[in-house]
file final09.cif (mmCIF, C-alpha atoms)
data_data
#
loop_
_atom_site.label_atom_id
_atom_site.label_comp_id
_atom_site.auth_asym_id
_atom_site.auth_seq_id
_atom_site.Cartn_x
_atom_site.Cartn_y
_atom_site.Cartn_z
CA MET A 1 -1.95 101.24 -55.61
CA ASN A 2 -2.34 102.38 -59.21
CA GLU A 3 -0.10 104.56 -61.42
CA GLY A 4 -2.07 107.68 -60.56
CA ASP A 5 -1.25 107.20 -56.90
CA LEU A 6 2.45 106.91 -57.69
CA THR A 7 2.39 110.06 -59.82
CA GLN A 8 0.59 112.04 -57.15
CA ARG A 9 2.88 110.83 -54.43
CA SER A 10 6.04 111.67 -56.38
CA ASP A 11 4.96 115.34 -56.12
CA GLU A 12 4.41 114.98 -52.39
CA PRO A 13 6.92 116.87 -50.21
CA GLN A 14 9.45 114.72 -48.38
CA SER A 15 8.21 115.95 -45.02
CA ASP A 16 4.69 114.70 -45.82
CA ARG A 17 6.04 111.32 -46.90
CA LEU A 18 8.12 111.14 -43.73
CA VAL A 19 5.03 111.86 -41.62
CA ARG A 20 3.11 109.09 -43.44
CA ILE A 21 5.99 106.66 -42.93
CA GLU A 22 6.28 107.54 -39.24
CA SER A 23 2.52 107.10 -38.83
CA ALA A 24 2.63 103.71 -40.57
CA LEU A 25 5.51 102.63 -38.33
CA MET A 26 3.60 103.70 -35.22
CA HIS A 27 0.58 101.66 -36.32
CA LEU A 28 2.82 98.70 -37.10
CA SER A 29 4.52 98.98 -33.73
CA HIS A 30 1.12 99.07 -31.99
CA ASP A 31 -0.04 96.00 -33.92
CA VAL A 32 3.16 94.09 -33.10
CA GLU A 33 2.79 94.97 -29.41
CA ALA A 34 -0.84 93.78 -29.43
CA MET A 35 0.19 90.52 -31.11
CA HIS A 36 2.96 90.03 -28.53
CA GLU A 37 0.50 90.52 -25.67
CA ALA A 38 -1.90 88.01 -27.25
CA ILE A 39 0.90 85.47 -27.64
CA VAL A 40 1.97 85.92 -24.00
CA ILE A 41 -1.63 85.36 -22.84
CA GLN A 42 -1.95 82.28 -25.05
CA GLN A 43 1.34 80.92 -23.70
CA HIS A 44 0.05 81.26 -20.13
CA GLU A 45 -3.14 79.44 -21.11
CA ILE A 46 -1.14 76.69 -22.82
CA ASP A 47 1.04 76.30 -19.71
CA GLY A 48 -2.09 75.98 -17.56
CA LEU A 49 -3.54 73.36 -19.89
CA ARG A 50 -0.24 71.47 -19.86
CA ARG A 51 -0.23 71.38 -16.05
CA THR A 52 -3.85 70.22 -15.99
CA LEU A 53 -3.09 67.51 -18.53
CA GLU A 54 -0.09 66.33 -16.50
CA LYS A 55 -2.27 66.13 -13.37
CA LEU A 56 -4.97 64.19 -15.21
CA GLN A 57 -2.37 61.85 -16.68
CA SER A 58 -0.90 61.26 -13.23
CA ILE A 59 -4.33 60.49 -11.76
CA TRP A 60 -5.16 58.19 -14.67
CA GLU A 61 -1.87 56.32 -14.30
CA ARG A 62 -2.51 55.80 -10.57
CA GLU A 63 -6.05 54.59 -11.22
CA VAL A 64 -5.07 52.22 -14.03
CA GLY A 65 -1.89 51.17 -12.28
CA LEU A 66 0.57 51.98 -15.08
#

call {"tool": "encode", "arguments": {"input": "final09.cif", "output": "structure tokens"}}
result
Amino acid sequence: MNEGDLTQRSDEPQSDRLVRIESALMHLSHDVEAMHEAIVIQQHEIDGLRRTLEKLQSIWEREVGL
């Protein structure tokens, strides 16, 4: 943002600034929700990989006799 932007925005009505802030918060909220969903999906995938690894380790230990 340059100085011209700041000067122009200082003349902006408060209601317009409030609308821009609310819009930015809505976009941020949407992005945070999408990130949360991605993390939940990744956590499920990690849990599945952990279970698979534990099964493979158990099989390997039986085969090797550890």

call {"tool": "atom_distance", "arguments": {"input": "final09.cif", "atom1": "atom CA of Arg20 of chain A", "atom2": "atom CA of Ala34 of chain A"}}
result
21.1 Å

call {"tool": "atom_distance", "arguments": {"input": "final09.cif", "atom1": "atom CA of Glu45 of chain A", "atom2": "atom CA of Glu33 of chain A"}}
result
18.6 Å

call {"tool": "atom_distance", "arguments": {"input": "final09.cif", "atom1": "atom CA of Gly48 of chain A", "atom2": "atom CA of Val64 of chain A"}}
result
24.2 Å

call {"tool": "axis_aligned_box", "arguments": {"input": "final09.cif", "around": "segment 24-42 of chain A", "padding_each_side": "5 Å", "output": "JSON"}}
result
{"center_x": 1.8, "center_y": 93.0, "center_z": -31.7, "size_x": 17.5, "size_y": 31.4, "size_z": 27.7}

call {"tool": "build_atoms", "arguments": {"input": "final09.cif", "residues": "segment 37-52 of chain A", "atoms": "N, CA, C and O atoms", "output": "mmCIF file, in the frame of the given file"}}
result
data_model
loop_
_atom_site.group_PDB
_atom_site.id
_atom_site.type_symbol
_atom_site.label_atom_id
_atom_site.label_comp_id
_atom_site.auth_asym_id
_atom_site.auth_seq_id
_atom_site.Cartn_x
_atom_site.Cartn_y
_atom_site.Cartn_z
ATOM 1 N N GLU A 37 1.316 90.707 -26.867
ATOM 2 C CA GLU A 37 0.500 90.520 -25.670
ATOM 3 C C GLU A 37 -0.432 89.322 -25.826
ATOM 4 O O GLU A 37 -0.608 88.535 -24.884
ATOM 5 N N ALA A 38 -1.021 89.159 -27.000
ATOM 6 C CA ALA A 38 -1.900 88.010 -27.250
ATOM 7 C C ALA A 38 -1.126 86.706 -27.155
ATOM 8 O O ALA A 38 -1.623 85.719 -26.587
ATOM 9 N N ILE A 39 0.077 86.685 -27.691
ATOM 10 C CA ILE A 39 0.900 85.470 -27.640
ATOM 11 C C ILE A 39 1.276 85.138 -26.198
ATOM 12 O O ILE A 39 1.250 83.971 -25.790
ATOM 13 N N VAL A 40 1.619 86.147 -25.410
ATOM 14 C CA VAL A 40 1.970 85.920 -24.000
ATOM 15 C C VAL A 40 0.773 85.326 -23.252
ATOM 16 O O VAL A 40 0.912 84.360 -22.487
ATOM 17 N N ILE A 41 -0.419 85.878 -23.481
ATOM 18 C CA ILE A 41 -1.630 85.360 -22.840
ATOM 19 C C ILE A 41 -1.885 83.920 -23.259
ATOM 20 O O ILE A 41 -2.172 83.055 -22.425
ATOM 21 N N GLN A 42 -1.745 83.650 -24.557
ATOM 22 C CA GLN A 42 -1.950 82.280 -25.050
ATOM 23 C C GLN A 42 -0.936 81.325 -24.444
ATOM 24 O O GLN A 42 -1.264 80.187 -24.107
ATOM 25 N N GLN A 43 0.306 81.774 -24.284
ATOM 26 C CA GLN A 43 1.340 80.920 -23.700
ATOM 27 C C GLN A 43 0.996 80.567 -22.253
ATOM 28 O O GLN A 43 1.175 79.424 -21.830
ATOM 29 N N HIS A 44 0.475 81.542 -21.506
ATOM 30 C CA HIS A 44 0.050 81.260 -20.130
ATOM 31 C C HIS A 44 -1.087 80.243 -20.110
ATOM 32 O O HIS A 44 -1.112 79.337 -19.265
ATOM 33 N N GLU A 45 -2.024 80.393 -21.044
ATOM 34 C CA GLU A 45 -3.140 79.440 -21.110
ATOM 35 C C GLU A 45 -2.643 78.050 -21.493
ATOM 36 O O GLU A 45 -3.091 77.046 -20.926
ATOM 37 N N ILE A 46 -1.710 77.979 -22.415
ATOM 38 C CA ILE A 46 -1.140 76.690 -22.820
ATOM 39 C C ILE A 46 -0.412 76.043 -21.641
ATOM 40 O O ILE A 46 -0.538 74.833 -21.409
ATOM 41 N N ASP A 47 0.340 76.832 -20.878
ATOM 42 C CA ASP A 47 1.040 76.300 -19.710
ATOM 43 C C ASP A 47 0.050 75.747 -18.685
ATOM 44 O O ASP A 47 0.272 74.684 -18.100
ATOM 45 N N GLY A 48 -1.067 76.464 -18.484
ATOM 46 C CA GLY A 48 -2.090 75.980 -17.560
ATOM 47 C C GLY A 48 -2.709 74.684 -18.049
ATOM 48 O O GLY A 48 -2.933 73.752 -17.258
ATOM 49 N N LEU A 49 -2.991 74.594 -19.330
ATOM 50 C CA LEU A 49 -3.540 73.360 -19.890
ATOM 51 C C LEU A 49 -2.549 72.206 -19.779
ATOM 52 O O LEU A 49 -2.933 71.071 -19.488
ATOM 53 N N ARG A 50 -1.265 72.509 -19.991
ATOM 54 C CA ARG A 50 -0.240 71.470 -19.860
ATOM 55 C C ARG A 50 -0.188 70.926 -18.437
ATOM 56 O O ARG A 50 -0.145 69.711 -18.209
ATOM 57 N N ARG A 51 -0.248 71.826 -17.457
ATOM 58 C CA ARG A 51 -0.230 71.380 -16.050
ATOM 59 C C ARG A 51 -1.462 70.546 -15.731
ATOM 60 O O ARG A 51 -1.366 69.517 -15.048
ATOM 61 N N THR A 52 -2.622 70.982 -16.214
ATOM 62 C CA THR A 52 -3.850 70.220 -15.990
ATOM 63 C C THR A 52 -3.758 68.849 -16.632
ATOM 64 O O THR A 52 -4.137 67.835 -16.015
#
